[in-house]
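Asker: Structure file model-v1.txt (compact mmCIF, C-alpha atoms) is given on the next line.
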```txt
# COMPACT_ATOMS: atom_id res chain seq x y z
CA MET Y 10 132.89 107.15 115.98
CA SER Y 11 131.54 110.47 117.23
CA PRO Y 12 128.77 112.12 115.19
CA GLU Y 13 131.38 114.55 113.85
CA GLN Y 14 133.71 111.73 112.76
CA PHE Y 15 130.78 109.85 111.23
CA GLY Y 16 129.74 112.86 109.16
CA GLN Y 17 133.29 113.64 108.08
CA ALA Y 18 133.84 110.04 106.93
CA VAL Y 19 130.58 110.02 104.96
CA LEU Y 20 131.28 113.35 103.27
CA ALA Y 21 134.89 112.44 102.41
CA TRP Y 22 133.63 109.26 100.74
CA TYR Y 23 130.93 111.22 98.90
CA ASP Y 24 133.47 113.66 97.48
CA LEU Y 25 135.36 110.77 95.91
CA HIS Y 26 132.68 108.18 95.17
CA GLY Y 27 129.19 109.67 95.57
CA ARG Y 28 126.74 109.75 92.67
CA LYS Y 29 126.52 113.21 91.17
CA ASP Y 30 125.18 112.63 87.64
CA LEU Y 31 121.67 111.27 88.20
CA PRO Y 32 118.99 113.20 86.25
CA TRP Y 33 117.32 114.62 89.36
CA GLN Y 34 120.69 115.92 90.58
CA GLN Y 35 120.84 118.27 87.60
CA GLY Y 36 119.05 121.61 87.89
CA ILE Y 37 118.07 120.66 91.45
CA ASN Y 38 114.80 122.08 92.72
CA PRO Y 39 112.14 120.78 95.13
CA TYR Y 40 109.88 119.54 92.31
CA ARG Y 41 112.54 117.39 90.64
CA VAL Y 42 113.75 115.99 93.97
CA TRP Y 43 110.19 115.27 95.09
CA VAL Y 44 109.22 113.44 91.88
CA SER Y 45 112.41 111.36 92.02
CA GLU Y 46 111.94 110.48 95.69
CA ILE Y 47 108.36 109.33 95.12
CA MET Y 48 109.43 107.25 92.11
CA LEU Y 49 112.29 105.71 94.09
CA GLN Y 50 109.96 104.44 96.81
CA GLN Y 51 109.84 100.64 96.31
CA THR Y 52 111.68 101.02 92.96
CA GLN Y 53 115.33 100.64 91.88
CA VAL Y 54 117.28 103.59 90.46
CA GLY Y 55 117.87 101.79 87.15
CA THR Y 56 114.13 101.44 86.62
CA VAL Y 57 113.37 105.03 87.58
CA LEU Y 58 115.87 106.65 85.20
CA GLY Y 59 113.77 106.41 82.03
CA TYR Y 60 110.50 107.13 83.80
CA PHE Y 61 111.85 110.28 85.45
CA ASP Y 62 113.05 111.84 82.20
CA ARG Y 63 109.75 111.14 80.42
CA PHE Y 64 107.71 112.44 83.35
CA ILE Y 65 109.68 115.68 83.65
CA GLU Y 66 109.60 116.26 79.90
CA ALA Y 67 105.81 115.95 79.88
CA LEU Y 68 105.16 117.69 83.22
CA PRO Y 69 108.15 119.98 83.90
CA ASP Y 70 106.87 121.74 87.01
CA VAL Y 71 104.34 121.51 89.80
CA GLN Y 72 101.84 123.70 87.95
CA ALA Y 73 101.87 121.38 84.92
CA LEU Y 74 101.37 118.32 87.13
CA ALA Y 75 98.52 119.97 89.02
CA ALA Y 76 96.72 120.85 85.79
CA ALA Y 77 97.33 117.55 83.95
CA ALA Y 78 94.61 115.02 83.19
CA GLU Y 79 94.71 112.10 85.59
CA ASP Y 80 94.95 109.71 82.63
CA GLU Y 81 98.11 111.48 81.47
CA VAL Y 82 99.73 111.17 84.93
CA LEU Y 83 98.83 107.49 85.20
CA HIS Y 84 99.98 106.87 81.62
CA LEU Y 85 103.40 108.31 82.48
CA TRP Y 86 103.48 106.13 85.59
CA THR Y 87 102.38 102.88 83.89
CA GLY Y 88 104.87 100.13 84.74
CA LEU Y 89 106.22 101.72 87.94
CA GLY Y 90 103.54 100.09 90.08
CA TYR Y 91 102.15 101.27 93.44
CA TYR Y 92 99.87 103.65 91.54
CA SER Y 93 98.65 105.41 94.68
CA ARG Y 94 102.03 107.17 94.51
CA ALA Y 95 101.04 108.78 91.21
CA ARG Y 96 97.60 109.80 92.45
CA ASN Y 97 99.09 111.30 95.62
CA LEU Y 98 101.71 113.06 93.52
CA GLN Y 99 99.00 114.94 91.66
CA LYS Y 100 96.98 115.62 94.82
CA THR Y 101 100.03 117.18 96.43
CA ALA Y 102 100.78 119.25 93.33
CA GLN Y 103 97.25 120.62 93.40
CA ILE Y 104 97.56 121.48 97.10
CA ILE Y 105 100.91 123.23 96.56
CA VAL Y 106 99.45 125.31 93.73
CA ALA Y 107 96.16 126.11 95.50
CA GLU Y 108 97.41 126.64 99.05
CA HIS Y 109 101.12 127.50 98.77
CA ALA Y 110 101.23 129.66 95.62
CA GLY Y 111 103.11 126.92 93.77
CA GLU Y 112 106.01 126.90 96.23
CA PHE Y 113 107.01 123.89 98.36
CA PRO Y 114 106.87 124.66 102.11
CA ARG Y 115 110.34 125.19 103.58
CA ASP Y 116 109.35 123.18 106.64
CA VAL Y 117 109.79 119.42 107.11
CA GLU Y 118 106.65 119.00 109.20
CA LYS Y 119 104.48 120.83 106.65
CA LEU Y 120 106.02 118.83 103.81
CA ALA Y 121 105.33 115.58 105.67
CA GLU Y 122 101.64 116.47 105.93
CA LEU Y 123 101.22 116.44 102.16
CA PRO Y 124 99.73 113.29 100.53
CA GLY Y 125 102.26 110.54 99.89
CA ILE Y 126 105.31 112.33 101.31
CA GLY Y 127 105.92 111.26 104.92
CA ARG Y 128 108.80 112.06 107.24
CA SER Y 129 111.74 110.59 105.30
CA THR Y 130 110.72 111.94 101.90
CA ALA Y 131 110.10 115.34 103.49
CA GLY Y 132 113.61 115.21 104.91
CA ALA Y 133 115.06 114.34 101.51
CA ILE Y 134 113.24 117.23 99.79
CA ALA Y 135 114.26 119.68 102.49
CA SER Y 136 117.92 118.65 102.66
CA LEU Y 137 118.62 117.92 98.99
CA SER Y 138 116.84 120.89 97.42
CA MET Y 139 116.63 123.46 100.23
CA GLY Y 140 119.77 122.80 102.26
CA LEU Y 141 117.77 122.41 105.48
CA ARG Y 142 119.10 120.11 108.19
CA ALA Y 143 116.70 117.18 108.15
CA PRO Y 144 117.39 113.47 108.74
CA ILE Y 145 116.08 110.81 106.38
CA LEU Y 146 115.43 107.12 106.86
CA ASP Y 147 114.69 105.52 103.52
CA GLY Y 148 115.40 101.85 102.89
CA ASN Y 149 119.07 102.39 102.04
CA VAL Y 150 119.81 104.60 105.05
CA LYS Y 151 117.85 102.28 107.32
CA ARG Y 152 120.08 99.38 106.24
CA VAL Y 153 123.31 101.37 106.78
CA LEU Y 154 122.29 102.45 110.28
CA ALA Y 155 120.85 99.05 111.26
CA ARG Y 156 124.22 97.46 110.47
CA TYR Y 157 126.19 100.30 112.02
CA LEU Y 158 124.29 99.76 115.28
CA ALA Y 159 124.12 95.95 114.90
CA LEU Y 160 120.38 96.29 115.45
CA ARG Y 161 119.04 92.83 116.39
CA GLU Y 162 115.38 93.64 115.63
CA TYR Y 163 113.54 93.96 112.34
CA PRO Y 164 114.02 97.68 111.50
CA GLY Y 165 110.33 98.08 110.72
CA GLU Y 166 109.28 97.39 114.31
CA PRO Y 167 108.08 100.57 116.10
CA ALA Y 168 110.78 100.49 118.80
CA ALA Y 169 113.52 99.90 116.23
CA MET Y 170 112.20 102.72 114.05
CA ARG Y 171 112.25 105.12 116.99
CA GLU Y 172 115.87 104.20 117.73
CA LEU Y 173 116.90 104.57 114.10
CA TRP Y 174 115.26 108.00 113.82
CA GLN Y 175 117.03 109.15 116.98
CA VAL Y 176 120.39 108.00 115.61
CA ALA Y 177 119.68 109.54 112.19
CA GLU Y 178 118.89 112.86 113.87
CA ARG Y 179 122.03 112.73 116.02
CA LEU Y 180 124.35 111.87 113.12
CA THR Y 181 123.03 114.41 110.57
CA PRO Y 182 125.62 117.22 110.37
CA GLN Y 183 124.95 120.94 110.50
CA THR Y 184 126.63 121.70 107.17
CA ARG Y 185 126.62 120.12 103.70
CA VAL Y 186 123.39 118.33 104.60
CA ASN Y 187 122.51 117.93 100.94
CA HIS Y 188 125.74 116.04 100.24
CA TYR Y 189 125.45 114.02 103.44
CA THR Y 190 121.88 112.95 102.62
CA GLN Y 191 122.86 111.90 99.10
CA ALA Y 192 125.94 110.11 100.44
CA MET Y 193 123.95 108.06 102.95
CA MET Y 194 121.55 106.95 100.23
CA ASP Y 195 124.48 106.13 97.95
CA LEU Y 196 126.25 104.10 100.64
CA GLY Y 197 123.21 101.90 101.03
CA ALA Y 198 122.67 101.57 97.30
CA THR Y 199 126.26 100.86 96.24
CA LEU Y 200 128.24 99.46 99.22
CA CYS Y 201 125.97 98.51 102.11
CA THR Y 202 123.76 96.38 99.88
CA ARG Y 203 121.28 93.75 101.04
CA SER Y 204 123.57 90.88 100.13
CA LYS Y 205 127.37 90.81 99.90
CA PRO Y 206 128.02 94.29 101.33
CA SER Y 207 131.39 95.77 100.32
CA CYS Y 208 132.63 96.36 103.86
CA LEU Y 209 136.30 96.75 102.86
CA LEU Y 210 135.37 99.86 100.85
CA CYS Y 211 133.00 101.38 103.40
CA PRO Y 212 134.07 104.62 105.13
CA LEU Y 213 132.15 103.55 108.26
CA ARG Y 214 133.88 100.19 108.59
CA ASP Y 215 135.86 101.03 111.73
CA GLY Y 216 132.73 102.03 113.65
CA CYS Y 217 130.28 99.51 112.22
CA ARG Y 218 129.27 97.05 114.92
CA ALA Y 219 127.84 94.52 112.47
CA GLN Y 220 131.17 94.36 110.65
CA LEU Y 221 133.15 94.18 113.89
CA LEU Y 222 130.92 91.33 115.12
CA GLY Y 223 130.93 89.53 111.79
CA LEU Y 224 127.17 89.98 111.44
CA GLU Y 225 127.07 92.03 108.24
CA GLN Y 226 125.51 89.13 106.31
CA GLN Y 227 122.85 88.48 108.98
CA LEU Y 228 121.80 92.09 109.50
CA PRO Y 229 119.51 93.87 109.15
CA VAL Y 230 116.98 91.34 110.39
CA SER Y 231 114.55 90.44 107.62
CA LYS Y 232 110.84 91.07 107.89
CA PRO Y 233 109.02 87.95 109.12
CA ARG Y 234 107.63 86.30 106.01
CA LYS Y 235 104.07 85.21 105.54
CA ALA Y 236 102.85 83.05 102.68
CA LEU Y 237 101.09 85.26 100.14
CA PRO Y 238 97.43 84.34 99.58
CA GLN Y 239 96.64 83.17 96.04
CA LYS Y 240 93.76 84.61 94.03
CA ARG Y 241 92.64 84.03 90.46
CA THR Y 242 90.57 85.95 87.94
CA LEU Y 243 89.50 85.57 84.34
CA MET Y 244 90.15 88.58 82.10
CA PRO Y 245 88.35 88.64 78.74
CA LEU Y 246 89.91 90.68 75.96
CA LEU Y 247 86.85 91.50 73.87
CA VAL Y 248 88.10 92.62 70.45
CA ASN Y 249 85.81 94.34 67.95
CA PRO Y 250 86.17 94.24 64.14
CA ALA Y 251 88.30 97.42 64.28
CA GLY Y 252 90.86 95.64 66.47
CA GLU Y 253 89.88 97.51 69.64
CA ILE Y 254 89.76 95.97 73.13
CA LEU Y 255 87.06 96.81 75.67
CA LEU Y 256 88.49 98.40 78.83
CA TYR Y 257 87.01 100.04 81.90
CA ARG Y 258 88.35 102.53 84.41
CA ARG Y 259 88.69 101.13 87.91
CA PRO Y 260 87.43 103.09 90.92
CA SER Y 261 89.85 105.80 92.09
CA SER Y 262 90.56 104.01 95.37
CA GLY Y 263 91.70 100.45 95.91
CA LEU Y 264 93.66 98.09 93.69
CA TRP Y 265 94.88 99.74 90.44
CA GLY Y 266 92.84 102.78 91.43
CA GLY Y 267 91.99 105.06 88.51
CA LEU Y 268 93.72 102.82 85.96
CA TRP Y 269 92.14 101.31 82.88
CA SER Y 270 91.81 97.55 83.10
CA LEU Y 271 90.13 94.51 81.60
CA PRO Y 272 86.88 93.16 83.00
CA GLU Y 273 87.34 90.52 85.72
CA LEU Y 274 85.13 87.43 85.81
CA GLU Y 275 84.88 84.27 87.85
CA ASP Y 276 84.46 82.10 84.72
CA LEU Y 277 83.42 82.21 81.06
CA GLU Y 278 79.78 81.71 82.01
CA GLU Y 279 79.70 85.34 83.20
CA LEU Y 280 80.50 86.53 79.67
CA ALA Y 281 76.84 86.48 78.66
CA ALA Y 282 75.92 89.17 81.18
CA LEU Y 283 78.89 91.32 80.13
CA ALA Y 284 77.95 90.96 76.45
CA GLU Y 285 74.34 91.86 77.15
CA ARG Y 286 75.36 94.91 79.16
CA HIS Y 287 77.34 96.31 76.22
CA GLY Y 288 75.15 95.01 73.41
CA LEU Y 289 77.78 92.63 72.03
CA ALA Y 290 77.64 89.48 69.95
CA LEU Y 291 80.55 87.23 70.89
CA GLY Y 292 82.57 84.81 68.79
CA GLU Y 293 84.67 81.83 69.83
CA ALA Y 294 86.92 82.39 72.86
CA HIS Y 295 90.66 81.72 72.48
CA GLU Y 296 92.75 81.21 75.61
CA LEU Y 297 95.99 83.20 75.82
CA LYS Y 298 99.02 82.39 77.93
CA GLY Y 299 98.23 83.21 81.55
CA LEU Y 300 100.34 85.24 83.91
CA THR Y 301 100.76 85.74 87.64
CA HIS Y 302 101.07 89.23 89.09
CA THR Y 303 102.49 89.64 92.61
CA PHE Y 304 101.21 92.42 94.83
CA SER Y 305 102.64 93.22 98.24
CA HIS Y 306 99.88 91.26 99.99
CA PHE Y 307 98.76 88.58 97.51
CA GLN Y 308 99.40 86.92 94.17
CA LEU Y 309 96.89 87.17 91.35
CA ALA Y 310 96.74 84.42 88.72
CA ILE Y 311 95.21 85.88 85.54
CA GLU Y 312 93.51 83.67 82.96
CA PRO Y 313 93.16 85.74 79.73
CA TRP Y 314 90.82 84.94 76.85
CA LEU Y 315 90.77 86.74 73.50
CA ILE Y 316 87.19 86.89 72.21
CA PRO Y 317 85.89 88.45 68.97
CA ALA Y 318 82.99 90.81 69.65
CA SER Y 319 80.73 92.90 67.46
CA VAL Y 320 78.27 95.56 68.54
CA ASP Y 321 74.77 94.13 68.31
CA GLY Y 322 72.59 97.11 67.36
CA GLU Y 323 72.80 100.68 68.62
CA ARG Y 324 74.22 101.07 72.08
CA VAL Y 325 75.65 104.17 73.74
CA ALA Y 326 78.98 103.49 75.44
CA GLU Y 327 78.79 103.64 79.23
CA ALA Y 328 80.88 106.08 81.21
CA ASP Y 329 84.25 104.67 82.31
CA TRP Y 330 84.24 102.11 79.49
CA LEU Y 331 86.05 102.51 76.16
CA TRP Y 332 87.31 100.62 73.13
CA TYR Y 333 91.14 100.70 73.28
CA ASN Y 334 92.75 100.91 69.85
CA LEU Y 335 95.73 98.54 69.74
CA ALA Y 336 97.18 100.13 66.59
CA THR Y 337 97.07 103.73 67.85
CA PRO Y 338 96.75 103.40 71.63
CA PRO Y 339 95.53 106.44 73.59
CA ARG Y 340 97.63 107.81 76.47
CA LEU Y 341 95.98 106.08 79.40
CA GLY Y 342 97.12 104.70 82.71
CA LEU Y 343 97.17 100.90 82.40
CA ALA Y 344 97.72 98.28 85.05
CA ALA Y 345 101.05 96.56 84.26
CA PRO Y 346 99.64 93.06 83.61
CA VAL Y 347 96.87 94.56 81.44
CA LYS Y 348 99.52 96.31 79.34
CA THR Y 349 101.25 92.93 78.91
CA LEU Y 350 98.02 91.20 77.91
CA LEU Y 351 97.19 93.92 75.37
CA LYS Y 352 100.59 93.38 73.76
CA ARG Y 353 99.94 89.63 73.58
CA ALA Y 354 96.54 90.22 72.04
CA ALA Y 355 98.03 92.56 69.44
CA ALA Y 356 100.63 89.93 68.54
CA GLU Y 357 97.95 87.25 68.15
CA LEU Y 358 95.81 89.49 65.97
CA THR Y 359 98.77 90.61 63.82
CA ALA Y 360 99.76 86.99 63.30
CA GLY Y 361 96.22 86.21 62.19
CA GLU Y 362 95.76 83.59 64.92
CA ILE Y 363 92.28 84.88 65.71
CA PRO Y 364 89.71 84.93 62.88
```
Since I need it in another form, could you write the structure as structure tokens?
Answerer:
Amino acid sequence: MSPEQFGQAVLAWYDLHGRKDLPWQQGINPYRVWVSEIMLQQTQVGTVLGYFDRFIEALPDVQALAAAAEDEVLHLWTGLGYYSRARNLQKTAQIIVAEHAGEFPRDVEKLAELPGIGRSTAGAIASLSMGLRAPILDGNVKRVLARYLALREYPGEPAAMRELWQVAERLTPQTRVNHYTQAMMDLGATLCTRSKPSCLLCPLRDGCRAQLLGLEQQLPVSKPRKALPQKRTLMPLLVNPAGEILLYRRPSSGLWGGLWSLPELEDLEELAALAERHGLALGEAHELKGLTHTFSHFQLAIEPWLIPASVDGERVAEADWLWYNLATPPRLGLAAPVKTLLKRAAAELTAGEIP
């Protein structure tokens, strides 16, 4: 297929089958497209749907996001994971308000310089909300093009990425770039899926080399897998007589940056130092069901213990520590496994399992 035929086939398919009713496709503007694109990084559309609506309702424009408390932003993001996305979202909002008078730059290169955006997301914002001709190469489009070319390398390799960007640039049409961009993402999400691609329904079937060679199930080449390192930690849920759990805010950078979490210990023997630090008298520890949380680069086995605690004398609460009320929880950003453990603790306390 020529680039013109490729574009025509994609747009004809979009007119009949493309997705047009997603929340961020309504009242399209750069802010809504940007928030959706950041949420969709590493996350399925079905998961993002509820989060997007809640986020936009609470923070309807870039000015509201820039001015929001970090805890509110992280609270709205809790459960989506990859929390650096949320922190970069707010950083970018503040830059747009402070340096661009609240308007998104109408330039792909300037967009790509903003925290957390990058070349493909910049292209999506520019094409979907501004009508600018800009190629994209998100995971779905990468898969479509890797199969179309019958690319025999892992698409994440530098040489393969360069080739894919060149092809994406060449194939992007001059008109209807917003529809073309959405169509390419839709093709990858609905037809050219990771497993069992629907080649018979694909508008690019006649020109797809992977399909012609019978390699659609083998391509794209998977990323070489490495065994994930295993780590473990003990998380005490110290509960006071009011039914509140002691939490602390993690440093802004690094794992779960800026989120509220439970203390992490090597073993129960370290509890004494934690209790002394906060002036607590501890009761008998009760082990809760453990859980394993998988990060991109390791697995964390969490051993949770629910422990009654009472304040021993007068003690001023330290900064970045708080008592989290399980009955009327504050709007805070919580690490996903911590949110799960707090729910388990609440269930145990409600059931009267812990004296």
Asker: Near range 85-97 of chain Y, counting only C-alpha atoms, which residues have an atom at most 7 Å away, once you skip same-chain residues fewer than 4 positions from it, shown as number ranges by chain?
Answerer: Y: 47, 64, 81, 101, 124-125, 265, 342-345
Asker: Choose the residue, out of Y:Gly59, Y:Pro229, Y:Pro206, Y:Gly111, that has the smallest atom-to-atom separation from Gln72 in chain Y; count all atoms listed in the file.
Answerer: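 Between Y:Gly59, Y:Pro229, Y:Pro206, Y:Gly111, the residue approaching Gln72 in chain Y most closely is Y:Gly111.
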Asker: Go through Y:Gln308, Y:Glu172, Y:Cys208, Y:Leu196 and flag the residue nearest Pro238 in chain Y, using all atoms listed in the file for the distances.
Answerer: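 Using all atoms listed in the file, the shortest distance to Pro238 in chain Y belongs to Y:Gln308.
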Asker: Please report the interatomic distance between CA of Val150 in chain Y and CA of Tyr163 in chain Y in Å with one decimal.
Answerer: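 We find that CA of Val150 in chain Y and CA of Tyr163 in chain Y lie 14.3 Å from each other.
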Asker: Between Y:Leu83, Y:Ala131, Y:Leu237, Y:Leu243, which is the closest to Asp276 in chain Y once you count all atoms listed in the file?
Answerer: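 Checking each of Y:Leu83, Y:Ala131, Y:Leu237, Y:Leu243 against Asp276 in chain Y, counting all atoms listed in the file, the winner is Y:Leu243.
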Asker: Determine the nearest neighbour of Trp269 in chain Y from the options Y:Ala133, Y:Ala236, Y:Leu255, Y:Ala78, counting all atoms listed in the file.
Answerer: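 Closest candidate: Y:Leu255.
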Asker: What is the CA of Gly288 in chain Y-CA of Thr359 in chain Y distance in Å, reported with one decimal?
Answerer: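 We find that CA of Gly288 in chain Y and CA of Thr359 in chain Y lie 25.9 Å from each other.
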Asker: Enclose all atoms of range 335-349 of chain Y listed in the file in an axis-aligned box, grow every side by 8 Å, and hand back centre and edge lengths in Å to one decimal, as JSON.
Answerer:
```
{"center_x": 98.4, "center_y": 100.4, "center_z": 75.8, "size_x": 21.7, "size_y": 30.9, "size_z": 34.5}
```
Asker: Distance CA of Glu225 in chain Y-CA of Cys201 in chain Y, one decimal place?
Answerer: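 Going from CA of Glu225 in chain Y over to CA of Cys201 in chain Y covers 9.0 Å.
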Asker: Take range 199-226 of chain Y, model N, CA and C atoms, and hand the result over as a PDB file, keeping the file's coordinate frame.
Answerer:
```pdb
ATOM      1  N   THR Y 199     125.089 101.353  96.972  1.00  0.00           N
ATOM      2  CA  THR Y 199     126.260 100.860  96.240  1.00  0.00           C
ATOM      3  C   THR Y 199     127.213  99.999  97.068  1.00  0.00           C
ATOM      4  N   LEU Y 200     127.321 100.246  98.378  1.00  0.00           N
ATOM      5  CA  LEU Y 200     128.240  99.460  99.220  1.00  0.00           C
ATOM      6  C   LEU Y 200     127.506  98.604 100.241  1.00  0.00           C
ATOM      7  N   CYS Y 201     126.660  99.228 101.023  1.00  0.00           N
ATOM      8  CA  CYS Y 201     125.970  98.510 102.110  1.00  0.00           C
ATOM      9  C   CYS Y 201     124.696  97.862 101.559  1.00  0.00           C
ATOM     10  N   THR Y 202     124.877  97.004 100.575  1.00  0.00           N
ATOM     11  CA  THR Y 202     123.760  96.380  99.880  1.00  0.00           C
ATOM     12  C   THR Y 202     123.162  95.245 100.699  1.00  0.00           C
ATOM     13  N   ARG Y 203     121.977  94.781 100.272  1.00  0.00           N
ATOM     14  CA  ARG Y 203     121.280  93.750 101.040  1.00  0.00           C
ATOM     15  C   ARG Y 203     122.127  92.489 101.185  1.00  0.00           C
ATOM     16  N   SER Y 204     122.715  92.053 100.079  1.00  0.00           N
ATOM     17  CA  SER Y 204     123.570  90.880 100.130  1.00  0.00           C
ATOM     18  C   SER Y 204     124.976  91.258  99.685  1.00  0.00           C
ATOM     19  N   LYS Y 205     125.957  90.586 100.224  1.00  0.00           N
ATOM     20  CA  LYS Y 205     127.370  90.810  99.900  1.00  0.00           C
ATOM     21  C   LYS Y 205     127.777  92.278  99.994  1.00  0.00           C
ATOM     22  N   PRO Y 206     127.599  92.896 101.171  1.00  0.00           N
ATOM     23  CA  PRO Y 206     128.020  94.290 101.330  1.00  0.00           C
ATOM     24  C   PRO Y 206     129.537  94.418 101.158  1.00  0.00           C
ATOM     25  N   SER Y 207     129.963  95.532 100.576  1.00  0.00           N
ATOM     26  CA  SER Y 207     131.390  95.770 100.320  1.00  0.00           C
ATOM     27  C   SER Y 207     132.015  96.478 101.518  1.00  0.00           C
ATOM     28  N   CYS Y 208     132.177  95.759 102.601  1.00  0.00           N
ATOM     29  CA  CYS Y 208     132.630  96.360 103.860  1.00  0.00           C
ATOM     30  C   CYS Y 208     134.050  96.924 103.760  1.00  0.00           C
ATOM     31  N   LEU Y 209     134.915  96.280 102.959  1.00  0.00           N
ATOM     32  CA  LEU Y 209     136.300  96.750 102.860  1.00  0.00           C
ATOM     33  C   LEU Y 209     136.377  98.151 102.256  1.00  0.00           C
ATOM     34  N   LEU Y 210     135.368  98.544 101.497  1.00  0.00           N
ATOM     35  CA  LEU Y 210     135.370  99.860 100.850  1.00  0.00           C
ATOM     36  C   LEU Y 210     134.570 100.899 101.614  1.00  0.00           C
ATOM     37  N   CYS Y 211     133.932 100.488 102.701  1.00  0.00           N
ATOM     38  CA  CYS Y 211     133.000 101.380 103.400  1.00  0.00           C
ATOM     39  C   CYS Y 211     133.727 102.353 104.321  1.00  0.00           C
ATOM     40  N   PRO Y 212     133.418 103.638 104.257  1.00  0.00           N
ATOM     41  CA  PRO Y 212     134.070 104.620 105.130  1.00  0.00           C
ATOM     42  C   PRO Y 212     133.679 104.488 106.599  1.00  0.00           C
ATOM     43  N   LEU Y 213     132.622 103.711 106.886  1.00  0.00           N
ATOM     44  CA  LEU Y 213     132.150 103.550 108.260  1.00  0.00           C
ATOM     45  C   LEU Y 213     132.603 102.234 108.875  1.00  0.00           C
ATOM     46  N   ARG Y 214     133.482 101.536 108.177  1.00  0.00           N
ATOM     47  CA  ARG Y 214     133.880 100.190 108.590  1.00  0.00           C
ATOM     48  C   ARG Y 214     134.396 100.136 110.026  1.00  0.00           C
ATOM     49  N   ASP Y 215     135.237 101.093 110.407  1.00  0.00           N
ATOM     50  CA  ASP Y 215     135.860 101.030 111.730  1.00  0.00           C
ATOM     51  C   ASP Y 215     134.855 101.182 112.864  1.00  0.00           C
ATOM     52  N   GLY Y 216     133.723 101.841 112.595  1.00  0.00           N
ATOM     53  CA  GLY Y 216     132.730 102.030 113.650  1.00  0.00           C
ATOM     54  C   GLY Y 216     131.514 101.148 113.512  1.00  0.00           C
ATOM     55  N   CYS Y 217     131.466 100.324 112.475  1.00  0.00           N
ATOM     56  CA  CYS Y 217     130.280  99.510 112.220  1.00  0.00           C
ATOM     57  C   CYS Y 217     130.272  98.265 113.091  1.00  0.00           C
ATOM     58  N   ARG Y 218     129.308  98.170 113.976  1.00  0.00           N
ATOM     59  CA  ARG Y 218     129.270  97.050 114.920  1.00  0.00           C
ATOM     60  C   ARG Y 218     128.955  95.731 114.220  1.00  0.00           C
ATOM     61  N   ALA Y 219     128.136  95.766 113.193  1.00  0.00           N
ATOM     62  CA  ALA Y 219     127.840  94.520 112.470  1.00  0.00           C
ATOM     63  C   ALA Y 219     129.106  93.962 111.845  1.00  0.00           C
ATOM     64  N   GLN Y 220     129.934  94.831 111.272  1.00  0.00           N
ATOM     65  CA  GLN Y 220     131.170  94.360 110.650  1.00  0.00           C
ATOM     66  C   GLN Y 220     132.147  93.864 111.715  1.00  0.00           C
ATOM     67  N   LEU Y 221     132.244  94.580 112.825  1.00  0.00           N
ATOM     68  CA  LEU Y 221     133.150  94.180 113.890  1.00  0.00           C
ATOM     69  C   LEU Y 221     132.746  92.841 114.513  1.00  0.00           C
ATOM     70  N   LEU Y 222     131.430  92.574 114.543  1.00  0.00           N
ATOM     71  CA  LEU Y 222     130.920  91.330 115.120  1.00  0.00           C
ATOM     72  C   LEU Y 222     130.765  90.216 114.087  1.00  0.00           C
ATOM     73  N   GLY Y 223     131.078  90.522 112.842  1.00  0.00           N
ATOM     74  CA  GLY Y 223     130.930  89.530 111.790  1.00  0.00           C
ATOM     75  C   GLY Y 223     129.485  89.212 111.455  1.00  0.00           C
ATOM     76  N   LEU Y 224     128.606  90.207 111.640  1.00  0.00           N
ATOM     77  CA  LEU Y 224     127.170  89.980 111.440  1.00  0.00           C
ATOM     78  C   LEU Y 224     126.633  90.724 110.202  1.00  0.00           C
ATOM     79  N   GLU Y 225     127.536  91.217 109.362  1.00  0.00           N
ATOM     80  CA  GLU Y 225     127.070  92.030 108.240  1.00  0.00           C
ATOM     81  C   GLU Y 225     126.174  91.255 107.282  1.00  0.00           C
ATOM     82  N   GLN Y 226     126.361  89.931 107.207  1.00  0.00           N
ATOM     83  CA  GLN Y 226     125.510  89.130 106.310  1.00  0.00           C
ATOM     84  C   GLN Y 226     124.165  88.809 106.951  1.00  0.00           C
TER      85      GLN Y 226
END
```
